[in-house]
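Listing of target_22.tsv; format and content: TSV, C-alpha atoms and all ligand atoms.
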chain	number	residue	atom	x	y	z
W	1382	MET	CA	-119.54	-128.35	-97.20
W	1383	SER	CA	-121.20	-125.14	-96.11
W	1384	GLU	CA	-119.21	-122.05	-95.26
W	1385	LYS	CA	-119.94	-122.59	-91.59
W	1386	GLU	CA	-118.63	-126.11	-91.63
W	1387	ALA	CA	-115.56	-125.09	-93.58
W	1388	ALA	CA	-114.92	-122.35	-91.06
W	1389	ARG	CA	-115.14	-124.81	-88.21
W	1390	THR	CA	-113.00	-127.52	-89.61
W	1391	GLY	CA	-110.77	-125.47	-91.87
W	1392	VAL	CA	-110.49	-128.36	-94.30
W	1393	PRO	CA	-110.63	-127.29	-97.95
W	1394	THR	CA	-113.08	-128.77	-100.41
W	1395	ALA	CA	-111.98	-129.95	-103.85
W	1396	GLU	CA	-113.17	-126.62	-105.24
W	1397	ASP	CA	-111.13	-124.74	-102.62
W	1398	LEU	CA	-108.06	-126.80	-103.45
W	1399	ALA	CA	-108.47	-126.05	-107.14
W	1400	LEU	CA	-108.52	-122.33	-106.44
W	1401	ILE	CA	-105.64	-122.57	-103.97
W	1402	GLY	CA	-103.69	-124.59	-106.53
W	1403	LYS	CA	-103.22	-121.42	-108.58
W	1404	TYR	CA	-100.87	-120.13	-105.92
W	1405	THR	CA	-98.93	-123.24	-104.97
W	1406	ARG	CA	-96.09	-124.92	-106.77
W	1407	ARG	CA	-97.52	-128.35	-106.30
W	1408	GLU	CA	-100.94	-129.74	-105.57
W	1409	LEU	CA	-101.58	-129.73	-101.87
W	1410	LEU	CA	-103.40	-132.39	-99.95
W	1411	PRO	CA	-106.49	-131.32	-98.02
W	1412	GLU	CA	-104.81	-132.11	-94.72
W	1413	GLU	CA	-101.92	-129.77	-95.53
W	1414	VAL	CA	-104.16	-126.74	-95.85
W	1415	TYR	CA	-106.18	-124.73	-93.38
W	1416	THR	CA	-108.91	-122.45	-94.70
W	1417	PHE	CA	-110.91	-119.81	-92.91
W	1418	PRO	CA	-113.36	-117.05	-93.82
W	1419	VAL	CA	-112.76	-113.35	-93.20
W	1420	VAL	CA	-114.79	-110.20	-93.66
W	1421	LEU	CA	-112.44	-107.71	-95.28
W	1422	CYS	CA	-114.61	-104.61	-95.27
W	1423	ASP	CA	-118.17	-103.39	-95.82
W	1424	ASN	CA	-120.25	-100.39	-96.80
W	1425	GLU	CA	-120.95	-99.31	-93.23
W	1426	ILE	CA	-119.67	-95.89	-92.16
W	1427	ASP	CA	-116.55	-96.41	-90.07
W	1428	ARG	CA	-115.25	-94.53	-87.07
W	1429	GLU	CA	-113.49	-92.09	-89.34
W	1430	GLY	CA	-116.71	-91.22	-91.10
W	1431	GLU	CA	-115.82	-93.10	-94.27
W	1432	ARG	CA	-117.37	-95.98	-96.15
W	1433	PHE	CA	-116.92	-97.87	-99.36
W	1434	SER	CA	-119.56	-97.68	-102.04
W	1435	VAL	CA	-121.03	-101.03	-103.11
W	1436	PRO	CA	-119.37	-100.85	-106.58
W	1437	ALA	CA	-116.10	-100.16	-104.76
W	1438	LEU	CA	-116.58	-103.35	-102.75
W	1439	GLU	CA	-117.25	-105.26	-105.98
W	1440	LYS	CA	-114.00	-103.99	-107.45
W	1441	LEU	CA	-112.09	-104.76	-104.27
W	1442	ALA	CA	-113.43	-108.30	-104.47
W	1443	VAL	CA	-111.52	-108.66	-107.73
W	1444	LEU	CA	-108.42	-106.82	-106.55
W	1445	PHE	CA	-108.00	-108.73	-103.30
W	1446	VAL	CA	-108.03	-112.25	-104.71
W	1447	GLY	CA	-104.55	-113.72	-104.35
W	1448	LYS	CA	-103.37	-111.06	-101.90
W	1449	THR	CA	-101.49	-112.24	-98.86
W	1450	GLY	CA	-102.33	-111.27	-95.34
W	1451	ILE	CA	-100.11	-110.94	-92.35
W	1452	PHE	CA	-100.70	-111.73	-88.76
W	1453	ASP	CA	-99.98	-109.19	-86.15
W	1454	HIS	CA	-97.48	-111.42	-84.40
W	1455	GLU	CA	-94.06	-110.54	-85.57
W	1456	ALA	CA	-92.21	-112.57	-83.00
W	1457	ARG	CA	-93.55	-115.87	-84.17
W	1458	GLY	CA	-91.75	-116.47	-87.39
W	1459	LYS	CA	-92.12	-115.90	-91.02
W	1460	ASN	CA	-94.45	-118.59	-92.22
W	1461	GLN	CA	-97.48	-116.94	-90.79
W	1462	THR	CA	-99.06	-115.57	-93.88
W	1463	ALA	CA	-102.36	-116.45	-95.39
W	1464	ARG	CA	-103.59	-115.88	-98.90
W	1465	LEU	CA	-107.05	-114.98	-100.11
W	1466	TYR	CA	-108.25	-117.38	-102.76
W	1467	ARG	CA	-111.86	-116.31	-103.08
W	1468	CYS	CA	-113.62	-112.98	-102.54
W	1469	ARG	CA	-117.24	-112.00	-102.98
W	1470	VAL	CA	-119.61	-109.25	-101.98
W	1471	VAL	CA	-122.46	-110.52	-99.87
W	1472	ARG	CA	-125.67	-108.52	-99.69
W	1473	GLU	CA	-127.57	-108.82	-96.44
W	1474	GLU	CA	-131.22	-108.09	-97.05
W	1475	GLY	CA	-132.95	-106.64	-94.06
W	1476	ARG	CA	-129.80	-105.06	-92.66
W	1477	ARG	CA	-129.35	-101.35	-93.31
W	1478	THR	CA	-126.27	-99.21	-92.95
W	1479	ALA	CA	-126.28	-95.87	-91.17
W	1480	ALA	CA	-126.43	-94.26	-94.61
W	1481	GLY	CA	-129.62	-96.20	-95.36
W	1482	GLU	CA	-128.17	-98.66	-97.87
W	1483	VAL	CA	-128.59	-102.40	-97.80
W	1484	TYR	CA	-125.60	-103.76	-95.92
W	1485	HIS	CA	-122.93	-105.33	-98.14
W	1486	ALA	CA	-119.79	-107.04	-96.92
W	1487	LEU	CA	-116.69	-108.08	-98.80
W	1488	ARG	CA	-116.18	-111.64	-97.63
W	1489	ALA	CA	-113.18	-113.73	-98.46
W	1490	ASP	CA	-111.73	-117.15	-97.91
W	1491	ALA	CA	-108.12	-117.47	-96.93
W	1492	TYR	CA	-105.78	-120.40	-96.67
W	1493	MET	CA	-102.59	-121.11	-94.86
W	1494	LEU	CA	-100.36	-124.12	-94.61
W	1495	ARG	CA	-100.68	-126.36	-91.62
W	1496	GLY	CA	-97.46	-127.00	-89.78
W	1497	PRO	CA	-95.63	-126.53	-86.50
W	1498	GLY	CA	-95.32	-122.79	-87.20
W	1499	THR	CA	-99.01	-122.24	-87.69
W	1500	GLN	CA	-100.51	-124.74	-85.27
W	1501	GLU	CA	-101.05	-122.28	-82.46
W	1502	LEU	CA	-102.39	-119.63	-84.79
W	1503	ILE	CA	-104.88	-122.05	-86.29
W	1504	ARG	CA	-105.99	-122.97	-82.81
W	1505	GLU	CA	-106.59	-119.28	-82.05
W	1506	ILE	CA	-108.51	-118.73	-85.26
W	1507	ASP	CA	-110.65	-121.77	-84.55
W	1508	GLY	CA	-111.21	-120.45	-81.06
W	1509	GLY	CA	-112.45	-117.17	-82.47
W	1510	ILE	CA	-109.68	-115.18	-80.80
W	1511	LYS	CA	-108.41	-113.70	-84.01
W	1512	LYS	CA	-111.12	-112.23	-86.05
W	1513	GLU	CA	-110.45	-108.61	-86.85
W	1514	VAL	CA	-109.15	-107.81	-90.28
W	1515	SER	CA	-107.90	-104.55	-91.60
W	1516	VAL	CA	-107.24	-103.89	-95.26
W	1517	GLY	CA	-105.02	-101.57	-97.22
W	1518	CYS	CA	-106.10	-100.21	-100.57
W	1519	ALA	CA	-106.02	-97.12	-102.74
W	1520	VAL	CA	-109.12	-95.45	-104.12
W	1521	ALA	CA	-109.40	-92.90	-106.92
W	1522	ALA	CA	-112.18	-90.86	-105.35
W	1523	ALA	CA	-113.32	-89.92	-101.88
W	1524	ARG	CA	-116.65	-88.18	-102.24
W	1525	CYS	CA	-118.55	-86.01	-99.79
W	1526	SER	CA	-121.96	-87.60	-99.12
W	1527	ILE	CA	-123.57	-84.16	-98.86
W	1528	CYS	CA	-122.37	-82.38	-102.00
W	1529	GLY	CA	-120.55	-85.06	-103.98
W	1530	ALA	CA	-117.24	-83.18	-104.11
W	1531	ASP	CA	-114.11	-85.28	-104.39
W	1532	ARG	CA	-112.51	-84.27	-101.13
W	1533	ARG	CA	-108.97	-84.67	-102.32
W	1534	LYS	CA	-109.45	-82.43	-105.31
W	1535	SER	CA	-111.83	-79.86	-103.92
W	1536	PRO	CA	-112.30	-79.73	-100.16
W	1537	CYS	CA	-115.90	-78.70	-99.67
W	1538	GLY	CA	-115.91	-77.80	-96.02
W	1539	HIS	CA	-118.50	-80.34	-94.95
W	1540	GLN	CA	-117.34	-82.14	-91.83
W	1541	PRO	CA	-117.74	-85.91	-91.56
W	1542	GLY	CA	-119.94	-86.65	-88.58
W	1543	GLU	CA	-121.71	-83.29	-88.75
W	1544	ARG	CA	-125.36	-83.05	-89.69
W	1545	TYR	CA	-126.50	-81.01	-92.70
W	1546	ASP	CA	-130.27	-80.73	-93.20
W	1547	GLY	CA	-130.67	-83.82	-91.09
W	1548	LYS	CA	-128.13	-85.85	-93.02
W	1549	VAL	CA	-124.87	-86.94	-91.44
W	1550	CYS	CA	-121.88	-86.12	-93.63
W	1551	HIS	CA	-119.53	-88.97	-94.45
W	1552	ILE	CA	-116.98	-89.77	-97.11
W	1553	ILE	CA	-117.76	-92.32	-99.80
W	1554	LEU	CA	-114.74	-94.17	-101.10
W	1555	GLU	CA	-115.07	-95.04	-104.75
W	1556	ASP	CA	-113.16	-96.64	-107.58
W	1557	PRO	CA	-110.43	-98.65	-105.86
W	1558	THR	CA	-107.28	-98.70	-107.95
W	1559	ASP	CA	-105.22	-101.12	-105.94
W	1560	ALA	CA	-105.51	-103.53	-103.07
W	1561	TYR	CA	-102.45	-104.06	-100.94
W	1562	GLU	CA	-102.16	-106.34	-98.02
W	1563	TRP	CA	-104.67	-107.26	-95.41
W	1564	SER	CA	-103.82	-108.06	-91.86
W	1565	PHE	CA	-105.36	-110.18	-89.26
W	1566	VAL	CA	-105.17	-108.77	-85.80
W	1567	ALA	CA	-106.19	-109.82	-82.35
W	1568	VAL	CA	-106.98	-106.28	-81.31
W	1569	PRO	CA	-109.79	-104.69	-83.27
W	1570	ALA	CA	-108.23	-102.42	-85.83
W	1571	GLN	CA	-109.67	-99.04	-86.57
W	1572	PRO	CA	-112.47	-99.81	-88.95
W	1573	GLY	CA	-111.90	-98.38	-92.35
W	1574	ALA	CA	-109.35	-99.38	-94.87
W	1575	GLY	CA	-105.98	-97.83	-95.08
W	1576	VAL	CA	-103.59	-97.43	-97.90
W	1577	VAL	CA	-100.31	-98.37	-96.39
W	1578	LYS	CA	-98.29	-101.34	-97.40
W	1579	GLY	CA	-94.81	-102.73	-97.01
W	1580	LEU	CA	-93.27	-100.21	-94.66
W	1581	GLY	CA	-90.11	-102.27	-94.53
W	1582	ALA	CA	-88.28	-100.71	-97.46
W	1583	SER	CA	-88.97	-97.00	-97.31
W	1584	PRO	CA	-91.51	-95.66	-94.86
W	1585	LEU	CA	-91.35	-92.28	-96.56
W	1586	SER	CA	-92.31	-93.60	-99.99
W	1587	VAL	CA	-95.13	-95.59	-98.47
W	1588	LEU	CA	-96.34	-92.56	-96.58
W	1589	GLU	CA	-96.18	-90.40	-99.68
W	1590	LYS	CA	-98.03	-92.99	-101.69
W	1591	ALA	CA	-100.64	-93.28	-99.00
W	1592	LEU	CA	-101.19	-89.54	-98.79
W	1593	ALA	CA	-101.26	-89.12	-102.55
W	1594	GLY	CA	-103.32	-92.02	-103.74
W	1595	GLY	CA	-105.34	-93.61	-101.04
W	1596	LYS	CA	-108.22	-92.98	-98.78
W	1597	GLY	CA	-107.00	-90.88	-95.92
W	1598	LEU	CA	-104.44	-92.71	-93.90
W	1599	THR	CA	-105.40	-95.57	-91.68
W	1600	LEU	CA	-102.77	-98.01	-90.55
W	1601	THR	CA	-102.81	-101.51	-89.27
W	1602	PRO	CA	-101.37	-101.71	-85.76
W	1603	MET	CA	-98.17	-103.18	-87.15
W	1604	GLU	CA	-97.80	-100.47	-89.74
W	1605	ALA	CA	-98.52	-97.85	-87.13
W	1606	ALA	CA	-95.81	-99.31	-84.93
W	1607	ARG	CA	-93.33	-99.23	-87.81
W	1608	LEU	CA	-94.19	-95.64	-88.68
W	1609	ALA	CA	-93.90	-94.65	-85.03
W	1610	GLY	CA	-90.46	-96.23	-84.95
W	1611	TRP	CA	-89.52	-94.30	-88.04
W	1612	ALA	CA	-90.79	-91.05	-86.53
W	1613	GLY	CA	-88.53	-91.72	-83.56
W	1614	GLU	CA	-85.54	-92.17	-85.85
W	1615	LEU	CA	-86.36	-88.92	-87.64
W	1616	ARG	CA	-86.63	-87.08	-84.34
W	1617	GLN	CA	-83.25	-88.37	-83.28
W	1618	ALA	CA	-81.70	-87.47	-86.63
W	1619	ALA	CA	-83.16	-83.97	-86.37
W	1620	GLU	CA	-81.72	-83.55	-82.89
W	1621	GLU	CA	-78.31	-84.70	-84.08
W	1622	GLY	CA	-78.53	-82.26	-86.96
W	1623	ARG	CA	-79.38	-79.44	-84.58
W	1624	LEU	CA	-76.41	-80.24	-82.34
W	1625	LEU	CA	-74.13	-80.43	-85.37
W	1626	ARG	CA	-75.28	-77.03	-86.55
W	1627	GLU	CA	-74.79	-75.48	-83.12
W	1628	LYS	CA	-71.29	-76.83	-83.03
W	1629	ALA	CA	-70.56	-75.50	-86.53
W	1630	LEU	CA	-71.92	-72.08	-85.55
W	1631	ARG	CA	-69.71	-71.94	-82.46
W	1632	GLU	CA	-66.68	-72.83	-84.56
W	1633	ALA	CA	-67.52	-70.28	-87.25
W	1634	VAL	CA	-67.92	-67.54	-84.64
W	1635	ARG	CA	-64.67	-68.55	-82.99
W	1636	MET	CA	-62.75	-68.45	-86.29
W	1637	GLY	CA	-64.53	-65.23	-87.24
W	1638	ARG	CA	-63.37	-63.62	-84.00
W	1639	LEU	CA	-59.79	-64.70	-84.71
W	1640	SER	CA	-59.98	-63.57	-88.31
W	1641	LEU	CA	-61.85	-60.29	-87.76
W	1642	PRO	CA	-61.21	-59.28	-84.17
W	1643	GLU	CA	-62.77	-55.87	-84.82
W	1644	LEU	CA	-66.21	-57.42	-85.42
W	1645	PRO	CA	-68.31	-57.72	-82.28
W	1646	ARG	CA	-69.20	-61.24	-81.30
W	1647	GLU	CA	-72.93	-60.43	-81.31
W	1648	LEU	CA	-72.74	-59.28	-84.93
W	1649	LEU	CA	-70.92	-62.44	-85.96
W	1650	GLU	CA	-73.39	-64.61	-84.11
W	1651	LYS	CA	-76.35	-62.81	-85.59
W	1652	THR	CA	-75.01	-62.90	-89.13
W	1653	LEU	CA	-73.70	-66.44	-89.07
W	1654	GLY	CA	-76.70	-67.70	-87.16
W	1655	ARG	CA	-78.85	-67.28	-90.25
W	1656	LEU	CA	-76.72	-69.54	-92.37
W	1657	ALA	CA	-77.29	-73.16	-93.22
W	1658	LEU	CA	-74.74	-75.74	-92.19
W	1659	PRO	CA	-72.77	-75.92	-95.48
W	1660	GLU	CA	-72.52	-72.12	-95.57
W	1661	LEU	CA	-71.30	-72.04	-92.00
W	1662	GLU	CA	-68.61	-74.52	-92.86
W	1663	ARG	CA	-67.52	-72.42	-95.84
W	1664	TRP	CA	-67.25	-69.33	-93.71
W	1665	THR	CA	-65.31	-71.22	-91.10
W	1666	GLN	CA	-62.81	-72.16	-93.83
W	1667	VAL	CA	-62.56	-68.58	-95.02
W	1668	PHE	CA	-62.13	-67.25	-91.49
W	1669	ARG	CA	-59.54	-69.88	-90.75
W	1670	ARG	CA	-57.47	-68.79	-93.72
W	1671	GLY	CA	-57.98	-65.20	-92.75
W	1672	ALA	CA	-56.91	-65.93	-89.23
W	1673	SER	CA	-53.74	-67.60	-90.40
W	1674	GLY	CA	-53.04	-64.64	-92.66
W	1675	ARG	CA	-52.70	-66.73	-95.80
W	1676	LEU	CA	-55.56	-65.13	-97.70
W	1677	PRO	CA	-57.17	-61.75	-97.89
W	1678	ILE	CA	-60.18	-61.46	-95.69
W	1679	PRO	CA	-63.67	-60.39	-96.73
W	1680	GLN	CA	-64.28	-56.83	-95.56
W	1681	THR	CA	-67.93	-57.20	-94.93
W	1682	ALA	CA	-70.18	-60.12	-94.34
W	1683	PRO	CA	-71.60	-60.91	-97.76
W	1684	ALA	CA	-75.17	-61.96	-98.36
W	1685	ALA	CA	-75.36	-65.60	-97.59
W	1686	GLU	CA	-74.87	-67.46	-100.81
W	1687	PRO	CA	-74.11	-71.12	-100.65
W	1688	GLU	CA	-70.88	-71.77	-102.44
W	1689	GLY	CA	-69.42	-74.99	-103.65
W	1690	PRO	CA	-65.91	-75.92	-102.65
W	1691	GLY	CA	-63.12	-74.43	-104.71
W	1692	GLU	CA	-64.76	-71.06	-105.16
W	1693	ASN	CA	-62.71	-69.22	-102.60
W	1694	ASP	CA	-61.91	-66.46	-105.05
W	1695	SER	CA	-65.40	-65.11	-104.97
W	1696	PHE	CA	-64.77	-64.04	-101.41
W	1697	VAL	CA	-61.59	-62.24	-102.18
W	1698	VAL	CA	-61.92	-58.47	-102.10
J	1701	ZN	ZN	-119.36	-81.58	-99.25
Would you mind writing the file out in structure tokens?
Ligand SMILES: [Zn+2]
Amino acid sequence: MSEKEAARTGVPTAEDLALIGKYTRRELLPEEVYTFPVVLCDNEIDREGERFSVPALEKLAVLFVGKTGIFDHEARGKNQTARLYRCRVVREEGRRTAAGEVYHALRADAYMLRGPGTQELIREIDGGIKKEVSVGCAVAAARCSICGADRRKSPCGHQPGERYDGKVCHIILEDPTDAYEWSFVAVPAQPGAGVVKGLGASPLSVLEKALAGGKGLTLTPMEAARLAGWAGELRQAAEEGRLLREKALREAVRMGRLSLPELPRELLEKTLGRLALPELERWTQVFRRGASGRLPIPQTAPAAEPEGPGENDSFVV
């Protein structure tokens, strides 16, 4: 069966089933499996001014085999994953990239299980509705096409998209070190691979990993949505922290006024206003004791030094 026929019918050949069998616990029948082809990425310059080198595509072809893909439909249930069981780089003679290379694409075959949960999805794939794929991977080098500098180690100042001596600068992604997930989306994703994977557990660790080890930072729509949600949570937490600090400052000033009535409010506010929250709380304690006359009171405002609990004596004059 040719690739075209397989794409149309989605029925695996014996060879397909043998490859798929590496990932299943039992041998599947042809009618249980749906297969479809995807183009994962290519060596064309993307909208971000980046492209993979052909050797990078070759390495990705190895790294991506066996990797699962997700569909950008979270509401529909959990069985909607597909797995890549075959990847290869296909050279298209006669087609040139913007950089003047022969066009190469990383093509893959994916399978998913047929069933009530995937019926509609399969129908959409067959109908050509879902055809955009975005990939996540990490690369060891991101080279400037003009001067060859690895942009993450030594920024060279050349701007992707700008012309230098007639040549358009772009970034060449080389030496992939890892391939994460791929996702299949209805809306065209930003071309260009990203490096983000599994934002469920810790968005921060994923973000750090992405910034440290991958090519730039391009997200699938789902990942972008998750990160945006996380940013919202951070913003809220920051706002709560700010309110908490304001409240602590007000209380510290109030206790300071009771403890040291001779100090002008402005001075207290100015001095205490520089302190971090734990320091403010310490001073509030000290002032409270001072106000109740149980402890000697510091004569001057000391330089702000965070103190652990139980070190009250250091404040005693
Ligand atoms: Zn450069």
Of the candidates W:Met1636, W:Ala1672, W:Leu1648, W:Cys1525, which one gets nearest to ligand ZN 1701 (chain J) if we count all atoms listed in the file? W:Cys1525
Straight-line distance linking CA of Glu1662 (chain W) with CA of Trp1611 (chain W), stated in Å to one decimal: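 Separation of CA of Glu1662 (chain W) and CA of Trp1611 (chain W): 29.2 Å.
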How would you report the residues lying within 8 Å of ligand ZN 1701 (chain J), as a PyMOL selection string, if you count all atoms listed in the file? chain W and resi 1524-1530+1532+1536-1540+1550
Can you pull out every residue within 7 Å of His1485 (chain W), counting all atoms listed in the file, but drop anything in the same chain fewer than 6 positions away, and send it as a ChimeraX atom specification? /W:1423-1424,1435,1470-1473
Give me a file of those residues, with C-alpha atoms, as a short mmCIF file (atom, residue, chain, number, x, y, z; two decimals), keeping the file's coordinate frame.
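Dumped to again.cif:
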data_model
loop_
_atom_site.label_atom_id
_atom_site.label_comp_id
_atom_site.auth_asym_id
_atom_site.auth_seq_id
_atom_site.Cartn_x
_atom_site.Cartn_y
_atom_site.Cartn_z
CA ASP W 1423 -118.17 -103.39 -95.82
CA ASN W 1424 -120.25 -100.39 -96.80
CA VAL W 1435 -121.03 -101.03 -103.11
CA VAL W 1470 -119.61 -109.25 -101.98
CA VAL W 1471 -122.46 -110.52 -99.87
CA ARG W 1472 -125.67 -108.52 -99.69
CA GLU W 1473 -127.57 -108.82 -96.44
#
Can you work out the spacing between CA of Ala1491 (chain W) and CA of Ala1522 (chain W) in Å, to one decimal?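 Computing the Euclidean distance for CA of Ala1491 (chain W) and CA of Ala1522 (chain W) yields 28.2 Å.
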Give me, as CSV, the closest atom pair and its distance (Å, one decimal) for every residue of region 1438-1557 of chain W within a cut-off of 10 Å of region 1392-1405 of chain W, counting only C-alpha atoms, rows sorted by chain and rising number.
residue,atom,partner,partner_atom,distance
W:Gly1447,CA,W:Tyr1404,CA,7.6
W:Arg1464,CA,W:Ile1401,CA,8.6
W:Leu1465,CA,W:Ile1401,CA,8.6
W:Tyr1466,CA,W:Ile1401,CA,5.9
W:Arg1467,CA,W:Leu1400,CA,7.7
W:Asp1490,CA,W:Asp1397,CA,9.0
W:Ala1491,CA,W:Ile1401,CA,9.0
W:Tyr1492,CA,W:Ile1401,CA,7.6
W:Met1493,CA,W:Ile1401,CA,9.7
What are the centre and edge lengths in Å, to one decimal, of the axis-aligned box around all listed atoms of region 1429-1439 of chain W with 4 Å added on each side, as JSON?
{"center_x": -117.3, "center_y": -98.2, "center_z": -98.0, "size_x": 15.5, "size_y": 22.0, "size_z": 25.2}
Just checking: using all atoms listed in the file, which residue out of W:Gly1430, W:Pro1411, W:Gly1517, W:Pro1497 ends up closest to Gly1450 (chain W)? W:Gly1517
For Cys1468 (chain W), which residue out of W:Val1520, W:Ala1618, W:Cys1422, W:Leu1625 is the nearest one, using only C-alpha atoms? W:Cys1422
